Structures are given as structure tokens and as C-alpha cells.
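Participant: As input, take my_file29.txt (compact mmCIF, C-alpha atoms and all ligand atoms):
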# COMPACT_ATOMS: atom_id res chain seq x y z
CA MET A 1 2.26 12.37 34.59
CA ARG A 2 1.61 13.58 31.11
CA PRO A 3 -2.05 13.86 30.18
CA THR A 4 -3.40 11.26 27.83
CA PRO A 5 -4.59 12.80 24.58
CA ALA A 6 -8.19 11.82 25.31
CA LEU A 7 -8.27 13.96 28.46
CA ALA A 8 -6.58 16.95 26.97
CA ALA A 9 -8.47 19.97 25.72
CA GLY A 10 -11.78 18.81 27.11
CA GLY A 11 -11.97 15.90 24.71
CA ARG A 12 -10.68 17.96 21.80
CA THR A 13 -7.74 15.94 20.58
CA VAL A 14 -5.41 15.98 17.66
CA ALA A 15 -6.65 12.49 16.81
CA ASN A 16 -10.19 13.91 16.45
CA LEU A 17 -8.91 16.77 14.38
CA LEU A 18 -6.96 14.48 12.05
CA SER A 19 -9.81 12.05 11.62
CA ALA A 20 -12.17 14.90 10.71
CA THR A 21 -9.81 16.33 8.09
CA GLU A 22 -10.26 15.71 4.39
CA TRP A 23 -6.97 14.60 2.81
CA MET A 24 -5.36 14.69 -0.57
CA LEU A 25 -3.31 11.51 -0.14
CA PRO A 26 -5.47 8.37 -0.05
CA SER A 27 -3.29 6.97 2.75
CA PRO A 28 -0.66 8.41 5.11
CA ALA A 29 1.47 5.27 4.70
CA SER A 30 5.14 5.39 3.83
CA GLN A 31 7.75 2.64 3.68
CA VAL A 32 10.29 2.62 6.49
CA HIS A 33 13.74 1.23 5.72
CA THR A 34 16.38 0.27 8.26
CA ILE A 35 19.99 1.21 7.51
CA SER A 36 23.01 -0.24 9.28
CA VAL A 37 26.17 1.80 9.72
CA LEU A 38 29.52 0.02 9.72
CA PRO A 39 33.04 1.40 9.71
CA SER A 40 34.44 1.13 6.21
CA GLN A 41 37.91 0.04 5.15
CA SER A 42 38.13 2.88 2.67
CA PRO A 43 40.94 5.38 3.27
CA THR A 44 39.04 8.10 1.36
CA PRO A 45 38.01 10.97 3.62
CA GLY A 46 34.25 11.25 3.92
CA HIS A 47 33.88 7.54 3.36
CA GLU A 48 34.48 6.30 6.87
CA PHE A 49 31.19 4.39 6.87
CA ALA A 50 29.68 1.60 4.86
CA PHE A 51 25.90 1.43 4.78
CA SER A 52 23.51 -1.33 4.03
CA ASN A 53 19.76 -1.40 3.68
CA LEU A 54 18.60 -4.16 6.01
CA THR A 55 15.02 -3.94 4.80
CA THR A 56 15.68 -4.61 1.17
CA SER A 57 19.04 -6.33 1.00
CA LEU A 58 18.80 -10.13 1.25
CA GLY A 59 22.53 -10.47 1.69
CA ASN A 60 22.30 -9.05 5.19
CA GLY A 61 20.04 -11.80 6.47
CA GLY A 62 17.87 -9.14 8.05
CA GLY A 63 20.72 -7.80 10.15
CA LYS A 64 22.54 -10.98 11.10
CA GLY A 65 26.23 -11.45 10.42
CA LEU A 66 28.36 -8.34 10.10
CA ALA A 67 25.50 -5.92 10.58
CA ALA A 68 24.26 -7.57 13.80
CA GLY A 69 24.51 -5.15 16.68
CA SER A 70 25.81 -2.35 14.47
CA PRO A 71 24.36 1.14 14.86
CA ARG A 72 21.31 1.61 12.71
CA PHE A 73 18.66 4.14 11.87
CA HIS A 74 15.40 4.20 10.00
CA VAL A 75 14.46 6.16 6.91
CA VAL A 76 10.85 7.14 6.23
CA ARG A 77 10.73 6.87 2.46
CA ASP A 78 8.50 9.81 1.67
CA ASP A 79 10.64 10.17 -1.44
CA LEU A 80 8.60 7.26 -2.78
CA LEU A 81 5.21 8.95 -2.31
CA HIS A 82 4.97 10.07 -5.92
CA PRO A 83 7.33 9.73 -8.88
CA LEU A 84 7.44 13.47 -9.61
CA ALA A 85 6.06 15.36 -6.63
CA ASN A 86 7.39 13.56 -3.61
CA GLY A 87 8.76 14.04 -0.12
CA ASN A 88 7.45 16.63 2.30
CA LYS A 89 5.71 18.67 -0.42
CA PRO A 90 2.66 16.37 -0.79
CA ARG A 91 2.55 16.16 3.03
CA LYS A 92 2.27 19.92 3.22
CA LEU A 93 -0.48 19.93 0.59
CA ASP A 94 -2.29 16.95 2.12
CA ALA A 95 -4.80 19.03 4.11
CA LEU A 96 -4.37 22.31 2.25
CA LEU A 97 -5.49 21.30 -1.23
CA PRO A 98 -8.79 19.67 -0.12
CA LEU A 99 -9.49 22.78 1.95
CA LEU A 100 -8.96 25.07 -1.02
CA ARG A 101 -11.05 22.87 -3.28
CA CYS A 102 -13.79 22.82 -0.70
CA ARG A 103 -13.75 26.62 -0.75
CA GLY A 104 -14.27 26.51 -4.49
CA ALA A 105 -10.74 27.23 -5.75
CA THR A 106 -10.61 27.20 -9.54
CA ASP A 107 -7.02 28.44 -9.75
CA ILE A 108 -4.00 28.37 -7.45
CA VAL A 109 -1.07 30.75 -7.67
CA THR A 110 2.25 30.02 -6.00
CA CYS A 111 5.93 30.77 -6.47
CA GLY A 112 9.42 29.36 -6.01
CA GLY A 113 12.95 29.19 -7.31
CA CYS A 114 13.61 27.89 -10.79
CA GLN A 115 14.01 24.31 -9.48
CA SER A 116 11.36 24.56 -6.77
CA ALA A 117 10.02 21.19 -5.58
CA HIS A 118 7.11 23.04 -3.97
CA ALA A 119 6.08 24.68 -7.25
CA ALA A 120 6.28 21.34 -9.06
CA ALA A 121 4.22 19.58 -6.38
CA VAL A 122 1.54 22.27 -6.52
CA ALA A 123 1.46 21.96 -10.31
CA VAL A 124 1.16 18.15 -10.31
CA HIS A 125 -1.41 17.84 -7.53
CA CYS A 126 -3.58 20.76 -8.67
CA ALA A 127 -3.68 19.32 -12.17
CA GLU A 128 -4.73 16.01 -10.67
CA TRP A 129 -7.52 17.71 -8.75
CA GLY A 130 -8.88 19.79 -11.60
CA ILE A 131 -7.58 23.10 -10.27
CA ARG A 132 -5.52 25.30 -12.61
CA PRO A 133 -1.98 25.80 -11.25
CA HIS A 134 -0.16 29.09 -11.94
CA ILE A 135 3.51 29.06 -11.06
CA LEU A 136 5.75 32.11 -10.72
CA LEU A 137 9.39 31.12 -10.96
CA ARG A 138 12.32 33.34 -10.05
CA GLY A 139 14.73 34.24 -12.86
CA GLU A 140 14.63 33.10 -16.47
CA GLN A 141 13.89 29.92 -18.33
CA LEU A 142 16.86 27.52 -18.30
CA ASP A 143 18.44 26.60 -21.63
CA ILE A 144 17.51 23.00 -20.96
CA PRO A 145 14.29 22.51 -19.00
CA THR A 146 14.96 19.73 -16.51
CA GLY A 147 14.16 18.50 -13.00
CA TYR A 148 11.39 20.29 -11.10
CA ASN A 149 11.48 23.11 -13.63
CA LEU A 150 10.43 20.66 -16.34
CA ILE A 151 7.67 19.25 -14.14
CA SER A 152 6.30 22.75 -13.45
CA LEU A 153 6.36 23.47 -17.18
CA MET A 154 4.46 20.27 -17.99
CA PHE A 155 1.75 20.49 -15.33
CA GLY A 156 1.47 24.19 -14.60
CA ASN A 157 1.24 27.58 -16.26
CA VAL A 158 4.69 29.01 -15.66
CA THR A 159 5.59 32.69 -15.66
CA TYR A 160 9.09 33.94 -14.88
CA ALA A 161 9.63 36.87 -12.58
CA SER A 162 12.77 38.96 -12.52
CA ARG A 163 14.68 38.95 -9.25
CA SER A 164 13.60 42.50 -8.46
CA VAL A 165 9.92 41.70 -8.97
CA TYR A 166 10.34 38.47 -7.02
CA ALA A 167 11.88 40.35 -4.10
CA GLN A 168 8.40 41.81 -3.41
CA ARG A 169 6.82 38.36 -3.22
CA ASP A 170 3.41 39.21 -1.81
CA GLU A 171 2.79 42.04 -4.27
CA MET A 172 3.94 39.82 -7.14
CA LEU A 173 1.63 36.95 -6.12
CA TYR A 174 -1.34 39.22 -5.56
CA GLU A 175 -0.93 41.06 -8.81
CA HIS A 176 -0.65 37.81 -10.77
CA ALA A 177 -3.70 36.37 -9.01
CA THR A 178 -5.71 39.51 -9.76
CA LYS A 179 -4.85 39.24 -13.42
CA ILE A 180 -6.01 35.61 -13.51
CA ALA A 181 -9.21 36.39 -11.60
CA GLY A 182 -10.27 38.98 -14.17
CA SER A 183 -12.95 41.54 -13.46
CA ASN A 184 -15.56 39.27 -11.88
CA GLY A 185 -13.32 36.75 -10.14
CA THR A 186 -12.09 36.74 -6.55
CA VAL A 187 -8.65 36.48 -4.98
CA MET A 188 -7.90 34.97 -1.58
CA TRP A 189 -4.79 34.09 0.43
CA ALA A 190 -4.84 30.41 1.33
CA ALA A 191 -3.39 31.24 4.75
CA ASP A 192 -6.46 33.40 5.54
CA ILE A 193 -8.87 30.52 5.12
CA ILE A 194 -9.86 29.23 8.50
CA GLY A 195 -9.84 25.47 8.78
CA GLU A 196 -13.07 25.24 10.76
CA ASP A 197 -15.00 27.48 8.46
CA LEU A 198 -15.72 24.77 5.95
CA VAL A 199 -19.13 25.78 4.74
CA VAL A 200 -19.09 26.29 1.01
CA ASP A 201 -20.89 29.55 0.39
CA GLU A 202 -23.43 29.88 -2.38
CA ASP A 203 -21.05 31.55 -4.77
CA THR A 204 -18.30 28.94 -4.52
CA THR A 205 -20.17 26.68 -6.88
CA ASP A 206 -18.51 28.45 -9.78
CA GLY A 207 -21.89 28.48 -11.53
CA ASN A 208 -21.32 31.81 -13.20
CA GLY A 209 -17.91 30.72 -14.46
CA SER A 210 -16.08 33.36 -12.45
CA ARG A 211 -12.71 32.38 -11.10
CA ARG A 212 -11.76 31.89 -7.48
CA VAL A 213 -8.04 32.32 -7.28
CA MET A 214 -6.21 31.25 -4.13
CA ILE A 215 -2.64 32.18 -3.32
CA VAL A 216 -0.32 29.68 -1.65
CA LYS A 217 2.86 31.23 -0.32
CA GLU A 218 6.30 30.00 -1.30
CA GLY A 219 7.05 26.64 0.33
CA ALA A 220 3.48 26.42 1.73
CA GLY A 221 4.92 27.52 5.07
CA SER A 222 1.57 28.06 6.74
CA VAL A 223 -0.46 26.45 9.49
CA GLN A 224 -2.59 24.29 7.19
CA ALA A 225 0.62 22.60 6.01
CA LEU A 226 1.23 21.27 9.52
CA LEU A 227 -1.74 18.92 9.50
CA GLY A 228 -0.43 16.59 6.79
CA VAL A 229 2.89 16.31 8.61
CA MET A 230 1.06 15.59 11.87
CA ARG A 231 -0.88 12.90 10.04
CA LEU A 232 2.46 11.30 9.15
CA VAL A 233 3.50 11.33 12.82
CA GLU A 234 0.23 9.67 13.79
CA TYR A 235 0.79 7.02 11.13
CA LEU A 236 4.36 6.35 12.30
CA SER A 237 3.29 6.13 15.95
CA GLY A 238 0.91 3.34 14.98
CA LEU A 239 3.68 1.17 13.53
CA THR A 240 4.94 -1.66 15.73
CA LEU A 241 8.46 -0.46 14.96
CA PHE A 242 7.83 2.69 17.04
CA GLY A 243 5.47 1.46 19.76
CA GLN A 244 3.65 4.12 21.80
CA ASP A 245 6.22 4.38 24.58
CA GLU A 246 9.29 4.02 22.43
CA LYS A 247 11.79 6.87 22.49
CA VAL A 248 12.17 8.18 18.98
CA HIS A 249 14.56 10.80 17.70
CA ILE A 250 13.46 12.26 14.38
CA VAL A 251 15.92 13.97 12.05
CA VAL A 252 14.81 16.20 9.19
CA ASP A 253 16.36 18.83 6.93
CA SER A 254 14.77 22.26 6.90
CA GLY A 255 14.05 25.00 4.40
CA THR A 256 11.25 27.09 5.88
CA GLY A 257 11.16 24.78 8.93
CA THR A 258 7.45 24.02 8.50
CA THR A 259 7.94 20.26 8.19
CA ALA A 260 10.10 20.13 11.33
CA VAL A 261 7.54 22.13 13.32
CA GLY A 262 4.73 19.87 12.08
CA LEU A 263 6.66 16.79 13.21
CA ALA A 264 7.40 18.21 16.66
CA LEU A 265 3.91 19.59 17.17
CA GLY A 266 2.42 16.29 16.05
CA ALA A 267 4.55 14.38 18.54
CA VAL A 268 3.62 16.69 21.44
CA CYS A 269 -0.10 16.72 20.62
CA LEU A 270 -0.15 12.92 20.30
CA GLY A 271 1.57 12.57 23.67
CA LEU A 272 4.65 10.90 22.22
CA GLN A 273 8.14 10.98 23.76
CA TRP A 274 9.67 11.95 20.47
CA ARG A 275 12.38 14.50 19.83
CA VAL A 276 12.87 16.36 16.59
CA THR A 277 16.26 17.56 15.37
CA ALA A 278 16.12 19.80 12.31
CA VAL A 279 19.14 20.76 10.23
CA MET A 280 18.96 24.45 9.30
CA LEU A 281 19.77 24.92 5.63
CA ALA A 282 18.28 28.16 4.44
CA ASP A 283 18.09 30.55 7.36
CA THR A 284 19.42 31.66 10.73
CA LEU A 285 18.56 30.09 14.09
CA GLU A 286 16.67 33.20 15.05
CA ARG A 287 14.47 33.01 11.95
CA TYR A 288 13.74 29.31 12.49
CA ARG A 289 12.74 30.00 16.10
CA GLN A 290 10.50 32.80 14.87
CA GLN A 291 8.88 30.54 12.29
CA GLU A 292 8.30 27.89 14.94
CA LYS A 293 6.72 30.38 17.32
CA SER A 294 4.44 31.80 14.68
CA LEU A 295 3.31 28.40 13.36
CA VAL A 296 2.60 27.08 16.86
CA SER A 297 0.65 30.18 17.79
CA ASP A 298 -1.34 30.06 14.51
CA PHE A 299 -2.12 26.41 15.22
CA GLU A 300 -3.28 27.28 18.72
CA LYS A 301 -5.50 30.05 17.33
CA LEU A 302 -7.01 27.82 14.67
CA TYR A 303 -7.50 24.76 16.86
CA PRO A 304 -7.63 26.13 20.39
CA GLY A 305 -6.78 23.86 23.29
CA ILE A 306 -5.13 20.97 21.48
CA PHE A 307 -1.53 22.05 22.00
CA HIS A 308 -1.96 23.81 25.33
CA GLY A 309 -4.11 20.89 26.46
CA MET A 310 -0.96 18.82 26.22
CA VAL A 311 1.71 21.16 27.55
CA GLY A 312 -0.14 23.75 29.64
CA ASN A 313 0.09 27.47 29.08
CA ASP A 314 3.51 28.16 30.46
CA THR A 315 5.81 26.54 27.90
CA HIS A 316 7.94 28.86 25.91
CA CYS A 317 10.70 26.44 25.13
CA SER A 318 11.50 25.39 21.62
CA LEU A 319 9.79 22.20 20.38
CA VAL A 320 12.35 21.64 17.67
CA GLN A 321 16.05 21.28 18.25
CA TRP A 322 17.51 23.40 15.45
CA VAL A 323 21.06 22.41 14.52
CA GLU A 324 23.71 23.53 12.04
CA ARG A 325 24.71 21.44 9.07
CA PHE A 326 27.95 19.52 9.76
CA SER A 327 29.65 21.42 6.97
CA PRO A 328 27.91 24.80 6.90
CA ARG A 329 27.66 26.49 3.53
CA ARG A 330 25.63 29.10 1.77
CA PHE A 331 22.28 27.66 0.66
CA GLY A 332 22.42 26.48 -2.92
CA LYS A 333 26.15 25.75 -2.91
CA VAL A 334 27.47 22.20 -3.24
CA LEU A 335 30.71 21.31 -1.47
CA ASP A 336 33.43 19.06 -2.85
CA GLY A 337 32.77 15.40 -2.26
CA GLU A 338 29.05 15.73 -1.55
CA ILE A 339 27.87 14.41 -4.89
CA VAL A 340 30.30 11.49 -4.58
CA MET A 341 28.90 10.87 -1.10
CA CYS A 342 25.33 10.77 -2.48
CA ARG A 343 26.42 8.30 -5.13
CA HIS A 344 28.16 6.16 -2.52
CA ILE A 345 24.97 6.01 -0.39
CA ALA A 346 22.76 5.38 -3.44
CA GLN A 347 24.93 2.44 -4.52
CA GLN A 348 25.04 0.89 -1.06
CA THR A 349 21.41 1.33 0.01
CA GLY A 350 19.24 2.09 -3.00
CA ILE A 351 18.31 5.43 -1.42
CA LEU A 352 18.90 8.58 -3.45
CA LEU A 353 19.87 11.73 -1.55
CA ASP A 354 20.73 15.21 -2.81
CA PRO A 355 23.50 17.48 -1.51
CA MET A 356 21.19 20.49 -1.16
CA TYR A 357 18.81 19.00 1.39
CA THR A 358 18.62 15.36 2.43
CA LEU A 359 22.34 14.54 2.65
CA SER A 360 22.60 16.77 5.73
CA ALA A 361 19.81 14.90 7.54
CA TRP A 362 21.44 11.57 6.66
CA GLU A 363 24.74 12.75 8.16
CA HIS A 364 23.00 13.76 11.38
CA ALA A 365 21.09 10.47 11.55
CA VAL A 366 24.37 8.54 11.17
CA ASP A 367 25.95 10.61 13.92
CA LEU A 368 22.98 10.29 16.28
CA CYS A 369 22.55 6.55 15.94
CA ARG A 370 26.21 6.03 16.76
CA ARG A 371 25.90 8.15 19.91
CA ASP A 372 22.30 7.84 21.04
CA SER A 373 21.61 4.20 21.81
CA GLU A 374 18.45 4.83 23.81
CA ALA A 375 16.23 6.30 21.16
CA LYS A 376 15.41 4.96 17.73
CA VAL A 377 16.78 7.39 15.18
CA VAL A 378 14.43 8.11 12.28
CA MET A 379 15.28 10.24 9.29
CA ILE A 380 12.38 11.64 7.29
CA HIS A 381 13.34 11.51 3.61
CA THR A 382 11.92 14.82 2.43
CA GLY A 383 12.32 14.00 -1.27
CA GLY A 384 13.97 16.57 -3.47
CA THR A 385 15.52 13.93 -5.68
CA LEU A 386 14.63 15.64 -8.96
CA GLY A 387 16.79 18.51 -7.73
CA LEU A 388 19.74 16.39 -8.85
CA PHE A 389 18.71 16.99 -12.46
CA GLY A 390 19.24 20.71 -12.01
CA LEU A 391 22.51 20.19 -10.12
CA ALA A 392 23.80 17.88 -12.84
CA GLN A 393 23.71 20.84 -15.24
CA ARG A 394 25.58 23.14 -12.90
CA TYR A 395 28.11 20.63 -11.60
CA SER A 396 28.28 18.20 -14.50
CA PRO A 397 31.96 17.08 -14.04
CA GLN A 398 31.23 15.96 -10.48
CA PHE A 399 28.54 13.60 -11.74
CA THR A 400 30.59 12.04 -14.49
CA THR A 401 33.89 11.38 -12.74
CA GLY A 402 34.95 9.57 -9.61
CA SER A 403 33.16 6.23 -9.92
CA ASP A 404 35.12 3.02 -9.80
C1 LIG B 1 11.16 21.78 0.35
C2 LIG B 1 12.15 20.88 0.92
C3 LIG B 1 12.58 21.04 2.25
C4 LIG B 1 12.13 22.17 3.12
O1 LIG B 1 10.98 21.87 3.86
P1 LIG B 1 10.45 22.94 4.92
O2 LIG B 1 9.14 22.41 5.37
O3 LIG B 1 10.29 24.23 4.17
O4 LIG B 1 11.46 23.05 6.00
C5 LIG B 1 13.48 20.12 2.75
N1 LIG B 1 13.94 19.11 2.00
C6 LIG B 1 13.54 18.92 0.73
C7 LIG B 1 14.10 17.79 -0.05
C8 LIG B 1 12.64 19.81 0.15
O5 LIG B 1 12.26 19.62 -1.13
Please go through the file and, once you have read it, give me the structure as C-alpha cells.
Facilitator:
Amino acid sequence: MRPTPALAAGGRTVANLLSATEWMLPSPASQVHTISVLPSQSPTPGHEFAFSNLTTSLGNGGGKGLAAGSPRFHVVRDDLLHPLANGNKPRKLDALLPLLRCRGATDIVTCGGCQSAHAAAVAVHCAEWGIRPHILLRGEQLDIPTGYNLISLMFGNVTYASRSVYAQRDEMLYEHATKIAGSNGTVMWAADIIGEDLVVDEDTTDGNGSRRVMIVKEGAGSVQALLGVMRLVEYLSGLTLFGQDEKVHIVVDSGTGTTAVGLALGAVCLGLQWRVTAVMLADTLERYRQQEKSLVSDFEKLYPGIFHGMVGNDTHCSLVQWVERFSPRRFGKVLDGEIVMCRHIAQQTGILLDPMYTLSAWEHAVDLCRRDSEAKVVMIHTGGTLGLFGLAQRYSPQFTTGSD
């Protein structure tokens, strides 16, 4: 028998931890849409399915008629969390930003690619919280500022770093932070701040006007980012759609893999029978396994007993099932037909995907729900939709041709 969360860890449970955490988002809620998958009549390759959104489309009579009994999956619409800084990025900042503010952060430094959704989310949410965001972007300013680049420029203080400087990320971040801190300010790595150690020391009150600069690594791939994702799992497990003993198979696309690990760790710590499949987009299997191991061990160090209280001390197996993209490609490249596919899905369901990230999770969700009838298949929409603005500059012909 699996232990109930209340008995695990001598009463120390993930539910206690989550309820004691201060959050950035006022609520963990997200809309969940149900998508039906039907064979399509179209002879075009890559279009063998027709989709409809059963939640929002009246024409489907809530799944009666054609769509009755058809394979279906659910989409957690985290892309709707915020108009500009959406998806998994606010989830990863959900516990981190309040923690940094509580430690007296006046300035936050982070970095990313030119169209980084993480950088834009840090800029937007810091600005909202009265913390000055400083964003280091790789490369040079685009001729036309657009997408996440534009959002970073509007909300943050952007500096561009040449590729060679950017290659030494930690040195670059630290040097920039030191410059901002000035001679009487302080610099700290966000990842070094211990969650439990929440006492605000005397000098965090910023009374003397000196700056406290905190550095958030690229992609916020650290242990504090897991909590917001675990909060999402707790929220989902409370929905009647996924009752406590329901088998659920979560699908998510992965950059650093932090979101996937947060989902899997959340499910284990909450005692749920949920599986997590993560599509690897930016790294090798070995690196994702490494990232998982290091995040889980950091979590165990920071909040001892919660994870091992659930699984015991002898588990070394992977929590996340890491899988390849159906059509592997170098990260950043868009394959023929993918933009058309995104348009096709957008027009049929009202859900916007992008070929860099979320399309790959959608494809896996479609495949799983057609094969796996036992578990409810749930795709987490990780956002990234403003990335299309950047892609539309690079691949403009693909956006302007091919519609009927
Ligand atoms: C940032 C991002 C990811 C990567 O998330 P990780 O937690 O780093 O794996 C995935 N999808 C989208 C749309 C993103 O913007």
C-alpha cells in the first residue's frame, strides 16, 4: 500500500509545504479544455486528424454525435495565465519571486536567448512587483523588436551580450549584477537562498538605499521553480475531472526539464498515480536525467523527508519518462509543414501552438490518447505563443501561404 501523504515524513507533507508558501499568482487555477481526435478526410500528409474543442465548441453538443466515443485528451490552458508572460514561466516564478522579495531583492538579473519567454516573464512580473528587472540577451538587437524580445524591452532593462561573453554565463551574470549593485550593494544567487530561511534580516529593509541584486539563472531551472509547478499539480488533482484515484498521463514539452520534474515530483509527493511524459527538445537524454537527479536531490535537501517519505530511500528510477520528439530536429529549427499544422490546430480548436515547443507535446498527447485508453491524457500548455512573432520574421513565407 502506498503511504497516504498525511502519514509520510512524520506529518511533513507537500500539502503543508504548499499551503505555507507565499505565491506570486493569486490563484493556481487554469482552464482545462477537452479535445476530441477524429480521423480526417484530408489526403494531405500530416493532416490525418481533425480536432475539435469539446469545451468551447457548441456544435459538438459536449461530445455527442460524431465526437462521441472518439479518443480525447485534455489541455491545461496555462497559455491563458497572462497575456504576455504566460505558460510555465509564471509557474516557475510563482514561489521564487515572493521568496526573493521577502529577502529584500531590489533588482533581479537574468538571461536568455533573444526571444526568451523566461526573460520576458521575469521582466513583466518583476515590474509588477516593484523589483527592477535586468535582462541579458544573447546576440544583438533585432531589426524589428517583436515577440518576447519586445516584451523584455518594454518591461526590463535589456543589455545584449555577444555569444562569446554569453558562453560564460555565470561570470556574465555575476559581473552584470556587481555593476548594478555598485559599491555598497550586495549580490546573491537566487538558487543559494534557502526556502526555510525566511527571516528578513535587518539590512534587507533597503533603508540605506543600497541595492540587493539577485541572480536568477537562465530558464529558472532551480529547485524553487518546482514549487509553483507542484502547486499546479495539487490544483489539478482537486478537480473532479481528475479524481484522486484516476490514472492520469501528463504530457509536457521540455527545455531545461524543470517543469517536467516539478510535475512528476508533485504527483509522487501528493500520492497520485500520475505519469509524466516529457518531450526532450533542447538536450540529450543523459542531460535530462542529470537535471532530474539534481533537482530531486536539491528538493530533498531543502525539504527533507517529503519525497523520501513517499517513495522510501531506495528509489533510483527516473520519475519522468523522457521521450524524443516524433520528428527530431536541432533545437530552434522549424520543419516543413509544422507552421501549417499549428494553423490547422488553431483554426479547429482555438488553441495556439508553436512549432518550437508545444506542437511536440500536442503530437504526443494525440498519440497517447489513441493508444492509452486507461489513463486520462493531459497536455500542459506551456505557453510560448509570442515565440510565433519571432518565427514569423524568420519564416515569413510559411505564415503567409498555404491557407484555403
Ligand atoms: C520555457 C519553455 C519550455 C521549457 O520549460 P522547462 O521547464 O525549461 O523544461 C517549454 N515550453 C515553452 C513554451 C517554454 O516557453
Participant: Show me, as a PyMOL selection string, the residues that have an atom within 12 Å of segment 386-399 of chain A when counting only C-alpha atoms, minus same-chain residues fewer than 3 positions from it.
Facilitator: chain A and resi 79+82-87+113-118+120-121+142-152+332-344+352-359+382-383+402-403
Participant: Write out as a ChimeraX atom specification the residues lying within 12 Å of Val233 of chain A, counting all atoms listed in the file and excluding same-chain residues fewer than 4 positions away.
Facilitator: /A:14-15,18,28-30,76,91,226-229,237-239,242,244,248,250,259-276,378,380
Participant: Enter the distance from atom C6 of ligand LIG 1 (chain B) to atom CA of Arg138 of chain A, in Å, rounded to one decimal.
Facilitator: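 Straight-line distance from atom C6 of ligand LIG 1 (chain B) to atom CA of Arg138 of chain A works out to 18.0 Å.
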Participant: Record the distance separating atom CA of Asp298 of chain A and atom C2 of ligand LIG 1 (chain B), expressed in Å with one decimal.
Facilitator: 21.2 Å
Participant: Using the file's own x, y and z axes, what box holds all listed atoms of ligand LIG 1 (chain B) with 4 Å on each side, keeping edges along x, y and z, and what are its centre and edge lengths in Å to one decimal, as JSON?
Facilitator:
{"center_x": 11.6, "center_y": 21.0, "center_z": 2.4, "size_x": 13.0, "size_y": 14.4, "size_z": 15.1}
Participant: Calculate how many Å separate atom CA of Tyr160 of chain A from atom CA of Thr178 of chain A, rounding to one decimal.
Facilitator: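 Between these atoms lies a distance of 16.6 Å.
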Participant: When you count only C-alpha atoms, which of these residues is closest to Glu218 of chain A: A:Thr106, A:Thr258, A:Gln321, A:Ser297?
Facilitator: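 Closest candidate: A:Thr258.
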Participant: Counting all atoms listed in the file, what are the residues of segment 210-276 of chain A within 10 Å of segment 127-136 of chain A, and for each of them which pair of atoms is the nearest and at what distance in Å, to one decimal? Sort the table by chain and rising number, as JSON lines.
Facilitator:
{"residue": "A:Val213", "atom": "CA", "partner": "A:Arg132", "partner_atom": "CA", "distance": 9.2}
{"residue": "A:Met214", "atom": "CA", "partner": "A:Pro133", "partner_atom": "CA", "distance": 9.9}
{"residue": "A:Ile215", "atom": "CA", "partner": "A:His134", "partner_atom": "CA", "distance": 9.5}
{"residue": "A:Glu218", "atom": "CA", "partner": "A:Leu136", "partner_atom": "CA", "distance": 9.7}
Participant: Please identify all polymer residues within 12 Å of Asp170 of chain A, counting all atoms listed in the file, omitting same-chain residues fewer than 5 positions from it, and present them as JSON, numbers by chain.
Facilitator: {"A": [109, 110, 111, 136, 165, 175, 176, 177, 189, 215, 216, 217, 218]}
Participant: Looking at all atoms listed in the file, which of A:Lys376, A:Ile180, A:Ala161, A:Arg12 is the one that sits closest to Val251 of chain A?
Facilitator: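 Ranked by minimum distance to Val251 of chain A, first place goes to A:Lys376.
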Participant: Restricting the calculation to only C-alpha atoms, which member of A:Leu81, A:Leu97, A:Val366, A:Cys317 is positioned closest to Trp23 of chain A?
Facilitator: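 Closest residue, counting only C-alpha atoms: A:Leu97.
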Participant: Here is a test: counting all atoms listed in the file, which residue of A:Ala346, A:Ala278, A:Ile193, A:Ala105 is nearest to ligand LIG 1 (chain B)?
Facilitator: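 Ranked by minimum distance to ligand LIG 1 (chain B), first place goes to A:Ala278.
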Participant: Name the closest residue to Gly182 of chain A among the candidates A:Ser210, A:Thr400, A:Ser164, A:Ser373; distances are taken between atoms, counting all atoms listed in the file.
Facilitator: A:Ser210
Participant: Which residue is closest to ligand LIG 1 (chain B)? Choose from A:Ala68, A:Val279, A:Met24, A:Cys102 and count all atoms listed in the file.
Facilitator: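 Under the stated criterion, the closest residue is A:Val279.
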